[in-house]
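Trainee: Input file: structure33.txt. Contents: compact mmCIF, C-alpha atoms (C1' of nucleotides).
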```txt
# COMPACT_ATOMS: atom_id res chain seq x y z
CA MET J 29 -16.16 23.51 6.41
CA ALA J 30 -16.43 27.28 6.18
CA GLN J 31 -17.41 29.57 3.36
CA LEU J 32 -14.68 29.84 0.80
CA LYS J 33 -14.06 33.30 -0.56
CA LYS J 34 -11.01 34.19 -2.62
CA SER J 35 -9.89 30.64 -2.11
CA ILE J 36 -10.96 28.79 -5.22
CA GLU J 37 -7.41 29.13 -6.46
CA LYS J 38 -6.13 27.43 -3.36
CA ARG J 39 -8.65 24.64 -3.68
CA ASN J 40 -7.64 24.10 -7.28
CA ALA J 41 -3.96 24.12 -6.39
CA LEU J 42 -4.65 21.39 -3.86
CA ILE J 43 -6.54 19.29 -6.37
CA GLU J 44 -3.83 19.81 -8.95
CA ALA J 45 -1.15 18.75 -6.49
CA THR J 46 -3.15 15.68 -5.51
CA ILE J 47 -3.39 14.58 -9.12
CA MET J 48 0.31 15.02 -9.77
CA LEU J 49 1.49 13.26 -6.63
CA VAL J 50 -0.99 10.41 -6.83
CA ASN J 51 0.05 9.83 -10.42
CA ASN J 52 3.67 9.55 -9.44
CA SER J 53 3.51 7.65 -6.17
CA GLY J 54 -0.02 6.45 -5.54
CA PHE J 55 -2.45 7.80 -2.99
CA HIS J 56 -1.25 6.17 0.20
CA ALA J 57 2.36 6.94 -0.56
CA THR J 58 1.54 10.64 -0.85
CA PRO J 59 1.56 12.46 2.50
CA MET J 60 -0.67 15.43 3.13
CA SER J 61 2.44 17.45 3.91
CA LYS J 62 3.69 16.95 0.37
CA ILE J 63 0.38 17.90 -1.15
CA ALA J 64 0.42 21.02 0.98
CA LYS J 65 3.94 21.89 -0.03
CA MET J 66 3.25 21.47 -3.73
CA ALA J 67 0.18 23.68 -3.40
CA ASN J 68 2.12 26.28 -1.42
CA VAL J 69 -0.10 25.94 1.58
CA SER J 70 0.14 24.77 5.15
CA PRO J 71 -1.01 21.21 5.87
CA ALA J 72 -3.62 22.63 8.23
CA THR J 73 -5.11 24.67 5.41
CA ILE J 74 -6.12 21.56 3.52
CA TYR J 75 -8.62 20.92 6.27
CA LEU J 76 -10.36 24.21 5.59
CA TYR J 77 -11.27 22.89 2.16
CA PHE J 78 -11.64 19.15 2.66
CA ASP J 79 -12.81 16.98 5.53
CA ASN J 80 -9.86 14.63 5.41
CA LYS J 81 -7.50 12.87 3.06
CA GLN J 82 -10.08 10.48 1.69
CA ASP J 83 -12.48 13.33 1.05
CA LEU J 84 -9.78 15.20 -0.83
CA LEU J 85 -9.26 12.19 -3.07
CA ASN J 86 -12.97 11.59 -3.67
CA LYS J 87 -13.62 15.22 -4.53
CA THR J 88 -10.62 15.29 -6.84
CA TYR J 89 -11.82 12.17 -8.58
CA ILE J 90 -15.34 13.48 -9.09
CA GLN J 91 -14.11 16.82 -10.38
CA VAL J 92 -11.78 15.24 -12.92
CA LYS J 93 -14.37 12.68 -13.97
CA GLU J 94 -16.91 15.43 -14.58
CA ALA J 95 -14.48 17.41 -16.68
CA TYR J 96 -13.79 14.25 -18.64
CA THR J 97 -17.40 13.38 -19.44
CA LYS J 98 -18.26 16.97 -20.17
CA TYR J 99 -15.45 17.07 -22.69
CA ALA J 100 -16.44 13.72 -24.15
CA PHE J 101 -19.94 14.82 -25.10
CA ALA J 102 -19.34 18.48 -25.85
CA THR J 103 -19.68 18.19 -29.62
CA TYR J 104 -22.04 15.23 -29.75
CA SER J 105 -25.64 15.61 -30.86
CA THR J 106 -28.38 13.00 -30.69
CA GLU J 107 -29.25 13.81 -34.29
CA MET J 108 -26.09 12.16 -35.50
CA SER J 109 -26.20 8.69 -37.03
CA VAL J 110 -24.97 5.88 -34.82
CA GLU J 111 -21.63 5.51 -36.57
CA GLU J 112 -21.09 9.25 -36.78
CA GLY J 113 -22.08 9.72 -33.14
CA PHE J 114 -19.81 6.96 -31.94
CA GLU J 115 -16.86 8.27 -33.89
CA ASN J 116 -17.52 11.73 -32.50
CA ILE J 117 -17.65 10.64 -28.87
CA TRP J 118 -14.76 8.20 -29.24
CA LYS J 119 -12.46 10.79 -30.75
CA ARG J 120 -13.33 13.35 -28.12
CA ILE J 121 -12.43 10.82 -25.46
CA ALA J 122 -9.18 9.98 -27.21
CA ASN J 123 -8.43 13.66 -27.53
CA PHE J 124 -8.98 14.23 -23.86
CA LYS J 125 -6.49 11.52 -23.09
CA LEU J 126 -3.99 13.05 -25.49
CA LYS J 127 -4.33 16.58 -24.23
CA GLU J 128 -5.05 16.02 -20.55
CA VAL J 129 -2.59 13.25 -19.86
CA LYS J 130 -2.34 14.00 -16.15
CA ASN J 131 -6.05 13.87 -15.64
CA ALA J 132 -6.53 10.78 -17.75
CA LEU J 133 -3.82 8.91 -15.90
CA PHE J 134 -5.31 9.88 -12.61
CA LEU J 135 -8.70 8.51 -13.62
CA ALA J 136 -7.18 5.31 -14.92
CA GLN J 137 -5.41 4.68 -11.66
CA CYS J 138 -8.47 5.44 -9.55
CA ASP J 139 -10.73 3.27 -11.66
CA ASN J 140 -8.44 0.29 -11.31
CA SER J 141 -7.87 0.30 -7.58
CA PRO J 142 -9.93 0.33 -4.41
CA ILE J 143 -8.76 3.76 -3.26
CA ILE J 144 -11.97 5.53 -4.25
CA ASP J 145 -15.23 5.04 -2.37
CA GLU J 146 -17.72 3.02 -4.37
CA THR J 147 -20.28 5.81 -4.00
CA SER J 148 -17.92 8.35 -5.51
CA LYS J 149 -17.30 6.02 -8.42
CA GLU J 150 -21.02 5.72 -9.08
CA GLU J 151 -21.25 9.48 -8.90
CA GLY J 152 -18.62 9.63 -11.62
CA ILE J 153 -20.23 7.08 -13.93
CA LYS J 154 -23.63 8.75 -14.11
CA HIS J 155 -22.66 11.12 -16.88
CA LEU J 156 -21.90 8.36 -19.34
CA GLN J 157 -25.55 7.88 -20.21
CA PRO J 158 -25.53 9.44 -23.72
CA LEU J 159 -23.09 6.80 -24.90
CA LEU J 160 -25.23 3.98 -23.53
CA THR J 161 -28.28 5.46 -25.24
CA LEU J 162 -26.42 5.68 -28.51
CA TRP J 163 -25.42 2.04 -28.26
CA GLU J 164 -28.99 1.04 -27.60
CA LYS J 165 -30.10 2.90 -30.70
CA GLY J 166 -27.37 1.22 -32.71
CA GLN J 167 -28.48 -2.19 -31.49
CA LYS J 168 -32.05 -1.52 -32.57
CA GLU J 169 -30.78 -0.55 -36.00
CA GLY J 170 -28.70 -3.71 -36.29
CA ILE J 171 -25.44 -1.78 -36.42
CA ILE J 172 -24.04 -2.50 -32.97
CA LYS J 173 -23.64 -6.00 -31.56
CA PRO J 174 -26.42 -7.02 -29.18
CA ILE J 175 -24.12 -7.53 -26.19
CA SER J 176 -23.74 -6.13 -22.68
CA ASN J 177 -22.78 -2.49 -22.21
CA TYR J 178 -19.84 -3.67 -20.18
CA LEU J 179 -18.51 -5.58 -23.16
CA LEU J 180 -19.05 -2.65 -25.49
CA TYR J 181 -17.24 -0.37 -23.07
CA ALA J 182 -14.45 -2.85 -22.38
CA TYR J 183 -13.60 -3.19 -26.06
CA SER J 184 -14.28 0.23 -27.49
CA ILE J 185 -13.44 2.71 -24.73
CA ASN J 186 -11.37 1.12 -22.03
CA PRO J 187 -8.35 0.17 -24.16
CA LEU J 188 -7.43 3.84 -24.31
CA SER J 189 -6.58 3.73 -20.62
CA PHE J 190 -4.10 0.97 -21.19
CA LEU J 191 -2.52 2.88 -24.06
CA MET J 192 -2.31 5.96 -21.83
CA ILE J 193 -0.43 4.13 -19.14
CA ASN J 194 2.06 2.74 -21.60
CA GLN J 195 2.53 6.11 -23.14
CA LYS J 196 3.42 7.47 -19.72
CA LYS J 197 6.04 4.76 -19.36
CA GLY J 198 7.49 5.99 -22.64
CA VAL J 199 7.31 2.62 -24.36
CA PHE J 200 4.54 3.69 -26.73
CA GLN J 201 3.54 6.93 -28.41
CA LEU J 202 -0.16 7.62 -28.87
CA ASP J 203 0.08 9.97 -31.83
CA ASN J 204 -2.49 10.80 -34.49
CA SER J 205 -1.85 7.83 -36.75
CA HIS J 206 -2.13 5.45 -33.82
CA ILE J 207 -5.36 7.15 -32.86
CA GLU J 208 -6.81 6.32 -36.24
CA ASP J 209 -5.71 2.68 -35.93
CA ALA J 210 -7.13 2.53 -32.44
CA TYR J 211 -10.43 3.93 -33.61
CA ASN J 212 -10.72 1.22 -36.24
CA CYS J 213 -10.03 -1.46 -33.65
CA ALA J 214 -12.68 0.01 -31.39
CA TRP J 215 -15.30 0.31 -34.08
CA ASN J 216 -14.59 -3.13 -35.55
CA SER J 217 -14.91 -4.73 -32.17
CA ILE J 218 -18.46 -3.53 -31.51
CA ARG J 219 -20.09 -3.16 -34.93
CA ILE J 220 -21.93 -5.97 -36.62
CA HIS J 221 -20.05 -7.43 -39.58
CA LYS J 222 -21.83 -8.57 -42.68
CA GLN J 223 -21.86 -12.37 -42.83
CA SER J 224 -18.93 -13.91 -44.67
CA MET N 9 17.85 -14.63 4.03
CA ALA N 10 18.54 -18.17 5.15
CA GLN N 11 17.81 -21.54 3.64
CA LEU N 12 14.12 -22.25 3.75
CA LYS N 13 13.26 -25.81 4.64
CA LYS N 14 9.77 -26.94 5.55
CA SER N 15 8.74 -23.36 5.12
CA ILE N 16 7.48 -23.19 1.57
CA GLU N 17 3.99 -23.47 3.01
CA LYS N 18 4.61 -20.40 5.12
CA ARG N 19 5.97 -18.48 2.19
CA ASN N 20 2.93 -19.40 0.16
CA ALA N 21 0.60 -18.44 2.96
CA LEU N 22 2.25 -15.02 3.05
CA ILE N 23 1.89 -14.57 -0.68
CA GLU N 24 -1.70 -15.72 -0.54
CA ALA N 25 -2.48 -13.27 2.25
CA THR N 26 -0.79 -10.45 0.38
CA ILE N 27 -2.95 -11.09 -2.68
CA MET N 28 -6.17 -11.15 -0.69
CA LEU N 29 -5.46 -8.04 1.35
CA VAL N 30 -4.06 -6.00 -1.52
CA ASN N 31 -7.14 -6.88 -3.55
CA ASN N 32 -9.43 -5.61 -0.84
CA SER N 33 -7.62 -2.54 0.43
CA GLY N 34 -4.68 -1.74 -1.78
CA PHE N 35 -1.03 -2.24 -0.95
CA HIS N 36 -0.29 0.78 1.17
CA ALA N 37 -3.46 0.31 3.19
CA THR N 38 -2.40 -3.19 4.12
CA PRO N 39 -0.10 -3.34 7.14
CA MET N 40 2.47 -6.08 7.52
CA SER N 41 0.81 -6.97 10.79
CA LYS N 42 -2.39 -7.89 8.96
CA ILE N 43 -0.57 -9.94 6.37
CA ALA N 44 1.17 -11.76 9.19
CA LYS N 45 -2.07 -12.40 11.03
CA MET N 46 -3.83 -13.75 7.95
CA ALA N 47 -0.89 -16.08 7.27
CA ASN N 48 -0.83 -17.20 10.93
CA VAL N 49 2.66 -15.97 11.42
CA SER N 50 4.47 -13.36 13.44
CA PRO N 51 5.26 -10.07 11.71
CA ALA N 52 8.93 -10.72 12.26
CA THR N 53 8.69 -14.00 10.38
CA ILE N 54 7.88 -12.20 7.16
CA TYR N 55 11.40 -10.83 7.19
CA LEU N 56 12.86 -14.32 7.15
CA TYR N 57 11.30 -14.81 3.73
CA PHE N 58 11.34 -11.32 2.21
CA ASP N 59 13.65 -8.35 2.49
CA ASN N 60 10.91 -5.85 3.18
CA LYS N 61 7.36 -4.95 2.28
CA GLN N 62 8.19 -3.84 -1.25
CA ASP N 63 10.13 -7.02 -1.88
CA LEU N 64 7.15 -9.05 -0.69
CA LEU N 65 4.95 -7.27 -3.20
CA ASN N 66 7.39 -7.60 -6.08
CA LYS N 67 7.92 -11.29 -5.48
CA THR N 68 4.21 -11.89 -5.17
CA TYR N 69 3.64 -10.07 -8.43
CA ILE N 70 6.27 -12.02 -10.31
CA GLN N 71 5.05 -15.34 -8.96
CA VAL N 72 1.45 -14.67 -9.96
CA LYS N 73 2.46 -13.30 -13.34
CA GLU N 74 4.50 -16.38 -14.07
CA ALA N 75 1.63 -18.68 -13.16
CA TYR N 76 -0.55 -16.59 -15.45
CA THR N 77 1.65 -16.74 -18.53
CA LYS N 78 2.45 -20.38 -17.97
CA TYR N 79 -1.26 -21.13 -17.93
CA ALA N 80 -1.87 -18.94 -20.97
CA PHE N 81 0.50 -20.86 -23.24
CA ALA N 82 0.13 -24.33 -21.79
CA THR N 83 -1.91 -25.76 -24.66
CA TYR N 84 -0.58 -23.56 -27.44
CA SER N 85 1.64 -24.93 -30.16
CA THR N 86 3.48 -22.96 -32.82
CA GLU N 87 2.15 -25.40 -35.42
CA MET N 88 -1.32 -23.94 -35.07
CA SER N 89 -2.68 -21.55 -37.65
CA VAL N 90 -2.76 -17.89 -36.66
CA GLU N 91 -6.48 -17.79 -35.99
CA GLU N 92 -6.46 -21.11 -34.21
CA GLY N 93 -3.45 -20.13 -32.14
CA PHE N 94 -4.92 -16.81 -31.16
CA GLU N 95 -8.20 -18.36 -30.13
CA ASN N 96 -6.33 -20.93 -28.11
CA ILE N 97 -4.23 -18.43 -26.21
CA TRP N 98 -7.08 -15.96 -25.77
CA LYS N 99 -9.38 -18.56 -24.29
CA ARG N 100 -6.74 -19.82 -21.93
CA ILE N 101 -6.24 -16.29 -20.70
CA ALA N 102 -9.97 -15.79 -20.30
CA ASN N 103 -10.18 -19.06 -18.46
CA PHE N 104 -7.46 -18.10 -16.09
CA LYS N 105 -9.36 -14.96 -15.23
CA LEU N 106 -12.53 -16.95 -14.67
CA LYS N 107 -10.94 -19.59 -12.51
CA GLU N 108 -8.29 -17.59 -10.72
CA VAL N 109 -10.24 -14.46 -9.97
CA LYS N 110 -8.09 -13.46 -7.00
CA ASN N 111 -4.89 -13.73 -8.95
CA ALA N 112 -6.25 -11.98 -12.00
CA LEU N 113 -7.56 -9.07 -9.95
CA PHE N 114 -4.25 -8.76 -8.21
CA LEU N 115 -2.40 -8.53 -11.52
CA ALA N 116 -4.88 -5.99 -12.87
CA GLN N 117 -4.37 -3.74 -9.89
CA CYS N 118 -0.60 -4.00 -9.98
CA ASP N 119 -0.43 -3.37 -13.71
CA ASN N 120 -2.48 -0.20 -13.40
CA SER N 121 -0.68 1.49 -10.55
CA PRO N 122 2.84 2.53 -9.63
CA ILE N 123 3.17 0.16 -6.69
CA ILE N 124 5.37 -2.34 -8.53
CA ASP N 125 8.98 -1.62 -9.42
CA GLU N 126 9.42 -1.13 -13.13
CA THR N 127 12.06 -3.84 -13.20
CA SER N 128 9.68 -6.36 -11.69
CA LYS N 129 7.10 -5.45 -14.28
CA GLU N 130 9.56 -6.06 -17.08
CA GLU N 131 10.42 -9.37 -15.45
CA GLY N 132 6.73 -10.25 -15.64
CA ILE N 133 6.22 -9.23 -19.27
CA LYS N 134 9.04 -11.34 -20.67
CA HIS N 135 6.97 -14.49 -20.93
CA LEU N 136 4.46 -12.96 -23.32
CA GLN N 137 6.75 -13.48 -26.29
CA PRO N 138 4.86 -16.36 -28.00
CA LEU N 139 1.84 -14.13 -28.45
CA LEU N 140 3.91 -11.38 -30.01
CA THR N 141 5.51 -13.89 -32.35
CA LEU N 142 2.12 -15.21 -33.34
CA TRP N 143 0.92 -11.72 -34.16
CA GLU N 144 3.97 -11.08 -36.28
CA LYS N 145 3.29 -14.26 -38.23
CA GLY N 146 -0.34 -13.19 -38.68
CA GLN N 147 0.75 -9.83 -39.99
CA LYS N 148 3.03 -11.43 -42.55
CA GLU N 149 0.13 -13.59 -43.71
CA GLY N 150 -2.17 -10.59 -44.02
CA ILE N 151 -4.52 -11.84 -41.33
CA ILE N 152 -3.66 -9.50 -38.45
CA LYS N 153 -3.68 -5.71 -38.78
CA PRO N 154 -0.20 -4.20 -39.27
CA ILE N 155 -0.32 -2.11 -36.10
CA SER N 156 1.71 -1.79 -32.91
CA ASN N 157 1.79 -4.67 -30.44
CA TYR N 158 0.51 -2.28 -27.83
CA LEU N 159 -2.62 -1.67 -29.87
CA LEU N 160 -3.14 -5.36 -30.49
CA TYR N 161 -2.77 -6.05 -26.80
CA ALA N 162 -4.92 -3.13 -25.72
CA TYR N 163 -7.85 -4.29 -27.84
CA SER N 164 -7.63 -8.04 -27.74
CA ILE N 165 -6.27 -8.93 -24.31
CA ASN N 166 -6.50 -6.02 -21.92
CA PRO N 167 -10.30 -5.63 -21.97
CA LEU N 168 -10.55 -8.82 -19.95
CA SER N 169 -9.04 -6.98 -16.99
CA PHE N 170 -11.74 -4.38 -17.09
CA LEU N 171 -14.40 -7.08 -17.23
CA MET N 172 -12.76 -8.81 -14.29
CA ILE N 173 -12.91 -5.75 -12.14
CA ASN N 174 -16.56 -5.19 -12.90
CA GLN N 175 -17.33 -8.77 -12.18
CA LYS N 176 -15.78 -8.37 -8.79
CA LYS N 177 -18.03 -5.39 -8.13
CA GLY N 178 -20.94 -7.69 -8.91
CA VAL N 179 -22.36 -5.48 -11.66
CA PHE N 180 -21.41 -7.88 -14.43
CA GLN N 181 -21.13 -11.64 -14.78
CA LEU N 182 -18.40 -13.01 -17.03
CA ASP N 183 -20.00 -16.36 -17.85
CA ASN N 184 -19.45 -18.65 -20.81
CA SER N 185 -21.77 -16.88 -23.25
CA HIS N 186 -20.15 -13.53 -22.47
CA ILE N 187 -16.79 -15.13 -23.03
CA GLU N 188 -17.81 -16.08 -26.52
CA ASP N 189 -19.04 -12.55 -27.24
CA ALA N 190 -15.85 -11.12 -25.81
CA TYR N 191 -13.76 -13.38 -27.96
CA ASN N 192 -15.52 -12.16 -31.07
CA CYS N 193 -14.91 -8.55 -30.08
CA ALA N 194 -11.26 -9.28 -29.52
CA TRP N 195 -10.77 -11.12 -32.76
CA ASN N 196 -12.73 -8.59 -34.80
CA SER N 197 -10.70 -5.75 -33.41
CA ILE N 198 -7.35 -7.08 -34.57
CA ARG N 199 -8.05 -9.15 -37.69
CA ILE N 200 -8.05 -7.67 -41.14
CA HIS N 201 -11.53 -7.37 -42.66
CA LYS N 202 -12.19 -8.00 -46.31
CA GLN N 203 -12.85 -4.72 -48.11
CA SER N 204 -16.52 -3.62 -48.17
C1' DA P 11 -12.00 45.87 16.34
C1' DA P 12 -14.00 41.69 15.10
C1' DT P 13 -14.03 37.83 12.24
C1' DA P 14 -12.27 34.68 8.89
C1' DA P 15 -8.24 32.41 6.84
C1' DA P 16 -3.89 30.58 7.15
C1' DA P 17 0.18 29.03 9.35
C1' DG P 18 3.39 26.15 11.98
C1' DA P 19 4.14 23.43 15.75
C1' DA P 20 2.31 19.73 18.49
C1' DT P 21 -0.07 15.27 19.18
C1' DG P 22 -1.04 10.65 19.12
C1' DA P 23 -1.76 6.67 16.55
C1' DA P 24 -0.11 3.39 13.14
C1' DC P 25 3.29 1.20 10.88
C1' DG P 26 7.65 -1.10 9.04
C1' DT P 27 11.37 -3.11 10.86
C1' DT P 28 14.59 -4.98 14.38
C1' DC P 29 15.97 -7.18 18.70
C1' DA P 30 16.28 -10.37 22.37
C1' DT P 31 14.42 -14.56 23.41
C1' DT P 32 12.06 -18.99 22.92
C1' DT P 33 10.73 -22.99 20.28
C1' DT P 34 11.55 -26.37 16.89
C1' DT P 35 14.45 -29.18 14.07
C1' DA P 36 18.45 -31.95 12.79
C1' DC P 37 21.71 -34.92 14.04
C1' DG P 38 25.63 -37.15 16.34
C1' DT P 39 26.44 -40.09 20.39
C1' DA P 40 25.54 -43.64 23.68
C1' DT M 9 15.83 -45.82 20.70
C1' DA M 10 16.73 -42.01 23.76
C1' DC M 11 19.24 -38.06 24.74
C1' DG M 12 21.93 -33.79 24.26
C1' DT M 13 23.21 -30.00 21.73
C1' DA M 14 23.82 -26.70 18.26
C1' DA M 15 21.77 -24.38 14.54
C1' DA M 16 17.62 -22.68 12.31
C1' DA M 17 13.13 -20.84 12.54
C1' DA M 18 9.82 -18.35 14.70
C1' DT M 19 8.04 -15.16 18.00
C1' DG M 20 6.19 -10.94 20.56
C1' DA M 21 7.56 -6.84 22.27
C1' DA M 22 9.94 -2.64 21.40
C1' DC M 23 11.91 1.14 18.55
C1' DG M 24 12.01 4.94 15.73
C1' DT M 25 9.76 7.18 12.19
C1' DT M 26 6.09 8.89 9.50
C1' DC M 27 1.88 10.79 8.95
C1' DA M 28 -3.02 12.54 9.34
C1' DT M 29 -5.13 15.61 12.05
C1' DT M 30 -5.74 19.24 15.67
C1' DC M 31 -4.43 23.21 18.53
C1' DT M 32 -2.76 27.70 19.22
C1' DT M 33 -1.14 31.69 17.31
C1' DT M 34 -0.52 34.99 13.60
C1' DT M 35 -2.03 37.40 9.52
C1' DA M 36 -5.43 39.30 6.47
C1' DT M 37 -10.04 41.17 5.57
C1' DT M 38 -14.14 43.91 6.32
```
Output the file's structure in the form of structure tokens.
Mentor:
Amino acid sequence: MAQLKKSIEKRNALIEATIMLVNNSGFHATPMSKIAKMANVSPATIYLYFDNKQDLLNKTYIQVKEAYTKYAFATYSTEMSVEEGFENIWKRIANFKLKEVKNALFLAQCDNSPIIDETSKEEGIKHLQPLLTLWEKGQKEGIIKPISNYLLYAYSINPLSFLMINQKKGVFQLDNSHIEDAYNCAWNSIRIHKQS
Amino acid sequence: MAQLKKSIEKRNALIEATIMLVNNSGFHATPMSKIAKMANVSPATIYLYFDNKQDLLNKTYIQVKEAYTKYAFATYSTEMSVEEGFENIWKRIANFKLKEVKNALFLAQCDNSPIIDETSKEEGIKHLQPLLTLWEKGQKEGIIKPISNYLLYAYSINPLSFLMINQKKGVFQLDNSHIEDAYNCAWNSIRIHKQS
DNA sequence: AATAAAAGAATGAACGTTCATTTTTACGTA
DNA sequence: TACGTAAAAATGAACGTTCATTCTTTTATT
């Protein structure tokens, strides 16, 4: 791989095209030639920026995942209370999925299939730490259920991916009132309820 | 396609092989030749049972989905109360995912990617009706939140798929105590809480 | 003019599917 | 029961296409 000069635009066009085409057809059903065409580039040019097709996918995944986590925590501060902090992070994540549908769909598909190298996936998960720390704090304070992080994530964050996918199909609209309902589901599923 | 006689075994072997290989590599990365080899059959033989590769995948999907929904509702009766009925169905679903890991993973991957025809997916969803009816009843009784079916599903049922996938990776173990925790998350997320 | 970037055509491997042939099964006849 | 035969089922090799990647040439940059 050579030094890239004025070519960041081209690299971005390639990543953009990859996202679009993978969303619509899946990775293996998307030929390099199509990616090249959509990015207005020769197929050979892709190989100036990426080692091969798998590398293109991995790098795309990591880049999108980083943008996602960066967005998720942009307005969060560790000074916030547990409930306030959770609501803040959750709504940022929901917002990302509303605004950046393409990117969110791409992540959902990658996370649910074996097309991404396991090492690239780990690379992408790293930045989730602030949320895990917040949960830990909430558990110490008796606000969050004392259960595995995987369960907390499965019930409070992951459902948004499912809603995304169904929104894409057009059978469901994830508008602002639904977002509020969804937030209540998420929060109710992980918070501790006073005994009845 | 001709009449199939003693060949149900062969058909099943093909479907079984498809599930295994798609789970491990994804659909497009699984050549027909490998499916044939794993089923101890010639590649050409596949075409006696299925029209083409896509048809093989669709039929596999529908068959597994039907087994799944049949299992899910096997012990449910409409006489049950809403909470009882929900717990019954939920735990059957969880159980299916514990016992039939291969099948559950296969469904999760198909449901989250564009590899299955939309018509086949609709075919697979049809059998979920009893759960939707139960929710409707619960909403009338003021027990279940008055929100979209998609939200109810996203928060109470879909998280199990995520937990599945992470179990397969070996980073999480979905044992009986986790199941109980997960059930509480699910139920808390969709039931109406008394005002605080 | 020299070097880097990009292009398009070429290459070779892999794959889905089909074809020509062989093997197995079913069954009527002796 | 044993045999012969026609249909069904199954096979392995072959075909044609697609695709990732590389090679050679052209274009842009310094």
Trainee: With only C-alpha atoms (C1' of nucleotides) counted and 8 Å as the cut-off, give the residues of chain N in contact with chain M, each with its shortest interatomic distance in Å and the pair that gives it, as a Markdown table.
Mentor:
```
| residue | atom | partner | partner_atom | distance |
| --- | --- | --- | --- | --- |
| N:Ser50 | CA | M:DT19 | C1' | 6.1 |
| N:Ala52 | CA | M:DT19 | C1' | 7.3 |
| N:Thr53 | CA | M:DA18 | C1' | 6.2 |
```
Trainee: Compile the contact shell of Tyr211 (chain J) as number ranges by chain: residues with an atom at most 8 Å away, counting all atoms listed in the file, same-chain residues fewer than 5 positions apart removed.
Mentor: J: 115, 118-119
Trainee: May I ask for the distance between CA of Ala21 (chain N) and CA of Ala47 (chain N), given in Å to one decimal place?
Mentor: 5.1 Å
Trainee: Show me, as a PDB file with C-alpha atoms, in the frame of the given file, the residues of chain N whose atoms get within 10 Å of chain P, using all atoms listed in the file for the distance check.
Mentor:
```pdb
ATOM      1  CA  LYS N  14       9.770 -26.940   5.550  1.00  0.00           C
ATOM      2  CA  THR N  38      -2.400  -3.190   4.120  1.00  0.00           C
ATOM      3  CA  PRO N  39      -0.100  -3.340   7.140  1.00  0.00           C
ATOM      4  CA  MET N  40       2.470  -6.080   7.520  1.00  0.00           C
ATOM      5  CA  SER N  41       0.810  -6.970  10.790  1.00  0.00           C
ATOM      6  CA  PRO N  51       5.260 -10.070  11.710  1.00  0.00           C
ATOM      7  CA  ALA N  52       8.930 -10.720  12.260  1.00  0.00           C
ATOM      8  CA  TYR N  55      11.400 -10.830   7.190  1.00  0.00           C
ATOM      9  CA  ASN N  60      10.910  -5.850   3.180  1.00  0.00           C
ATOM     10  CA  LYS N  61       7.360  -4.950   2.280  1.00  0.00           C
TER      11      LYS N  61
END
```
Trainee: Residues of chain N were defined as contacting chain J if any atom lay at most 7 Å from it, counting only C-alpha atoms; please report them as a list in words.
Mentor: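 Taken together, these residues fit the definition: Asn32, Ser33, Gly34, His36, Ala37, Gln117, Asn120, Ser121, Pro122, Leu159, Ala162, Tyr163, Asn166, Pro167, Phe170, Leu171, Ala190, Cys193, Ala194, Asn196, Ser197 and Ile198 of chain N.
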Trainee: State, in Å with one decimal place, the distance from CA of Glu112 (chain J) to CA of Gln157 (chain J).
Mentor: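 Here the two named atoms are 17.2 Å from each other.
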